[in-house]
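S.K.: Contents are PDB, C-alpha atoms; file name query.pdb:
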ATOM      1  CA  MET A   1      30.213   0.860  18.929  1.00  0.00           C
ATOM      2  CA  THR A   2      28.570   3.793  17.191  1.00  0.00           C
ATOM      3  CA  ARG A   3      26.099   3.211  14.402  1.00  0.00           C
ATOM      4  CA  THR A   4      26.210   5.678  11.562  1.00  0.00           C
ATOM      5  CA  MET A   5      23.437   6.207   9.090  1.00  0.00           C
ATOM      6  CA  PRO A   6      24.189   6.187   5.369  1.00  0.00           C
ATOM      7  CA  GLU A   7      24.715   9.625   3.917  1.00  0.00           C
ATOM      8  CA  GLY A   8      21.412  11.188   2.956  1.00  0.00           C
ATOM      9  CA  PHE A   9      19.420   8.701   5.040  1.00  0.00           C
ATOM     10  CA  THR A  10      17.546  11.427   6.915  1.00  0.00           C
ATOM     11  CA  ALA A  11      16.478  13.191   3.732  1.00  0.00           C
ATOM     12  CA  HIS A  12      15.311   9.937   2.139  1.00  0.00           C
ATOM     13  CA  ALA A  13      13.455   8.843   5.273  1.00  0.00           C
ATOM     14  CA  GLN A  14      11.691  12.221   5.489  1.00  0.00           C
ATOM     15  CA  HIS A  15      10.715  11.995   1.821  1.00  0.00           C
ATOM     16  CA  PHE A  16       9.214   8.518   2.171  1.00  0.00           C
ATOM     17  CA  TRP A  17       7.557   9.366   5.478  1.00  0.00           C
ATOM     18  CA  THR A  18       5.835  12.340   3.825  1.00  0.00           C
ATOM     19  CA  ILE A  19       4.615  10.163   0.947  1.00  0.00           C
ATOM     20  CA  THR A  20       3.298   7.395   3.180  1.00  0.00           C
ATOM     21  CA  ALA A  21       1.640   9.851   5.546  1.00  0.00           C
ATOM     22  CA  GLN A  22      -0.133  11.761   2.773  1.00  0.00           C
ATOM     23  CA  TRP A  23      -0.918   8.985   0.304  1.00  0.00           C
ATOM     24  CA  LEU A  24      -1.446   6.016   2.601  1.00  0.00           C
ATOM     25  CA  GLY A  25      -2.421   7.680   5.865  1.00  0.00           C
ATOM     26  CA  TRP A  26       0.364   5.856   7.717  1.00  0.00           C
ATOM     27  CA  ARG A  27       1.269   7.076  11.181  1.00  0.00           C
ATOM     28  CA  PRO A  28       4.950   7.250  12.210  1.00  0.00           C
ATOM     29  CA  ASN A  29       4.943   3.852  13.941  1.00  0.00           C
ATOM     30  CA  GLU A  30       3.454   2.196  10.831  1.00  0.00           C
ATOM     31  CA  PHE A  31       6.158   3.744   8.668  1.00  0.00           C
ATOM     32  CA  TRP A  32       9.061   2.819  10.948  1.00  0.00           C
ATOM     33  CA  ARG A  33       7.805  -0.732  11.516  1.00  0.00           C
ATOM     34  CA  ALA A  34       7.449  -1.421   7.781  1.00  0.00           C
ATOM     35  CA  THR A  35      10.159  -3.368   6.019  1.00  0.00           C
ATOM     36  CA  PRO A  36      11.660  -1.971   2.809  1.00  0.00           C
ATOM     37  CA  SER A  37       9.711  -4.633   0.871  1.00  0.00           C
ATOM     38  CA  GLU A  38       6.441  -3.571   2.518  1.00  0.00           C
ATOM     39  CA  LEU A  39       7.152   0.086   1.777  1.00  0.00           C
ATOM     40  CA  LYS A  40       7.955  -0.712  -1.850  1.00  0.00           C
ATOM     41  CA  GLY A  41       4.805  -2.809  -2.196  1.00  0.00           C
ATOM     42  CA  ALA A  42       2.616  -0.151  -0.605  1.00  0.00           C
ATOM     43  CA  LEU A  43       3.931   2.564  -2.930  1.00  0.00           C
ATOM     44  CA  SER A  44       4.100   0.504  -6.137  1.00  0.00           C
ATOM     45  CA  GLU A  45       1.456   0.588  -8.790  1.00  0.00           C
ATOM     46  CA  PRO A  46      -0.530  -2.657  -8.906  1.00  0.00           C
ATOM     47  CA  LYS A  47       0.599  -4.972 -11.674  1.00  0.00           C
ATOM     48  CA  ALA A  48      -1.961  -5.961 -14.257  1.00  0.00           C
ATOM     49  CA  ARG A  49      -2.753  -9.641 -14.291  1.00  0.00           C
ATOM     50  CA  SER A  50      -2.980 -11.209 -17.712  1.00  0.00           C
ATOM     51  CA  ASP A  51      -5.301 -13.927 -16.389  1.00  0.00           C
ATOM     52  CA  ALA A  52      -7.704 -11.494 -14.704  1.00  0.00           C
ATOM     53  CA  GLN A  53     -11.250 -11.640 -15.958  1.00  0.00           C
ATOM     54  CA  GLY A  54     -14.244  -9.555 -15.118  1.00  0.00           C
ATOM     55  CA  PRO A  55     -17.311 -11.133 -13.559  1.00  0.00           C
ATOM     56  CA  SER A  56     -19.581 -13.135 -15.829  1.00  0.00           C
ATOM     57  CA  MET A  57     -23.122 -11.977 -16.563  1.00  0.00           C
ATOM     58  CA  GLU A  58     -24.345 -14.815 -14.338  1.00  0.00           C
ATOM     59  CA  MET A  59     -22.202 -13.629 -11.428  1.00  0.00           C
ATOM     60  CA  ILE A  60     -23.389 -10.038 -11.897  1.00  0.00           C
ATOM     61  CA  ALA A  61     -27.004 -11.217 -11.861  1.00  0.00           C
ATOM     62  CA  LYS A  62     -26.381 -13.164  -8.615  1.00  0.00           C
ATOM     63  CA  MET A  63     -24.734 -10.135  -6.976  1.00  0.00           C
ATOM     64  CA  LEU A  64     -27.625  -7.888  -8.001  1.00  0.00           C
ATOM     65  CA  GLU A  65     -30.138 -10.391  -6.660  1.00  0.00           C
ATOM     66  CA  ARG A  66     -28.254 -10.687  -3.385  1.00  0.00           C
ATOM     67  CA  GLU A  67     -28.141  -6.869  -3.094  1.00  0.00           C
ATOM     68  CA  ARG A  68     -31.887  -6.576  -3.651  1.00  0.00           C
ATOM     69  CA  ASP A  69     -32.570  -9.191  -0.965  1.00  0.00           C
ATOM     70  CA  GLY A  70     -30.211  -7.631   1.612  1.00  0.00           C
TER      71      GLY A  70
END
The structure in this file should be written as structure tokens.

M.R.:
Amino acid sequence: MTRTMPEGFTAHAQHFWTITAQWLGWRPNEFWRATPSELKGALSEPKARSDAQGPSMEMIAKMLERERDG
């Protein structure tokens, strides 16, 4: 049984390999071991969370204090 690749597969694979190599620093084995979902997630823009909040003034003060002590 001979497996055939979908038409244009090579061109698409080369395109995505180039993107992942340049933008993400992926090596060939990282690219080829990634699932389509992982590739999509790695190349997608992060979604904004409507429930995301910045740190409170109290938390900022604690982080600054911890940084001064460390």

S.K.: Need the shell around A:Ala13: protein/DNA/RNA residues with any atom at most 10 Å away, counting all atoms listed in the file. Skip same-chain ones fewer than 5 positions apart. Format as number ranges by chain?

M.R.: A: 8, 18-19, 31-32

S.K.: Could you check how far atom CA of A:Ser56 sits from atom CA of A:Ser44, in Å to one decimal?

M.R.: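 Computing the Euclidean distance for atom CA of A:Ser56 and atom CA of A:Ser44 yields 29.0 Å.
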
S.K.: What does the distance from atom CA of A:Pro46 to atom CA of A:Glu30 come to in Å, to one decimal?

M.R.: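 The value is 20.7 Å.
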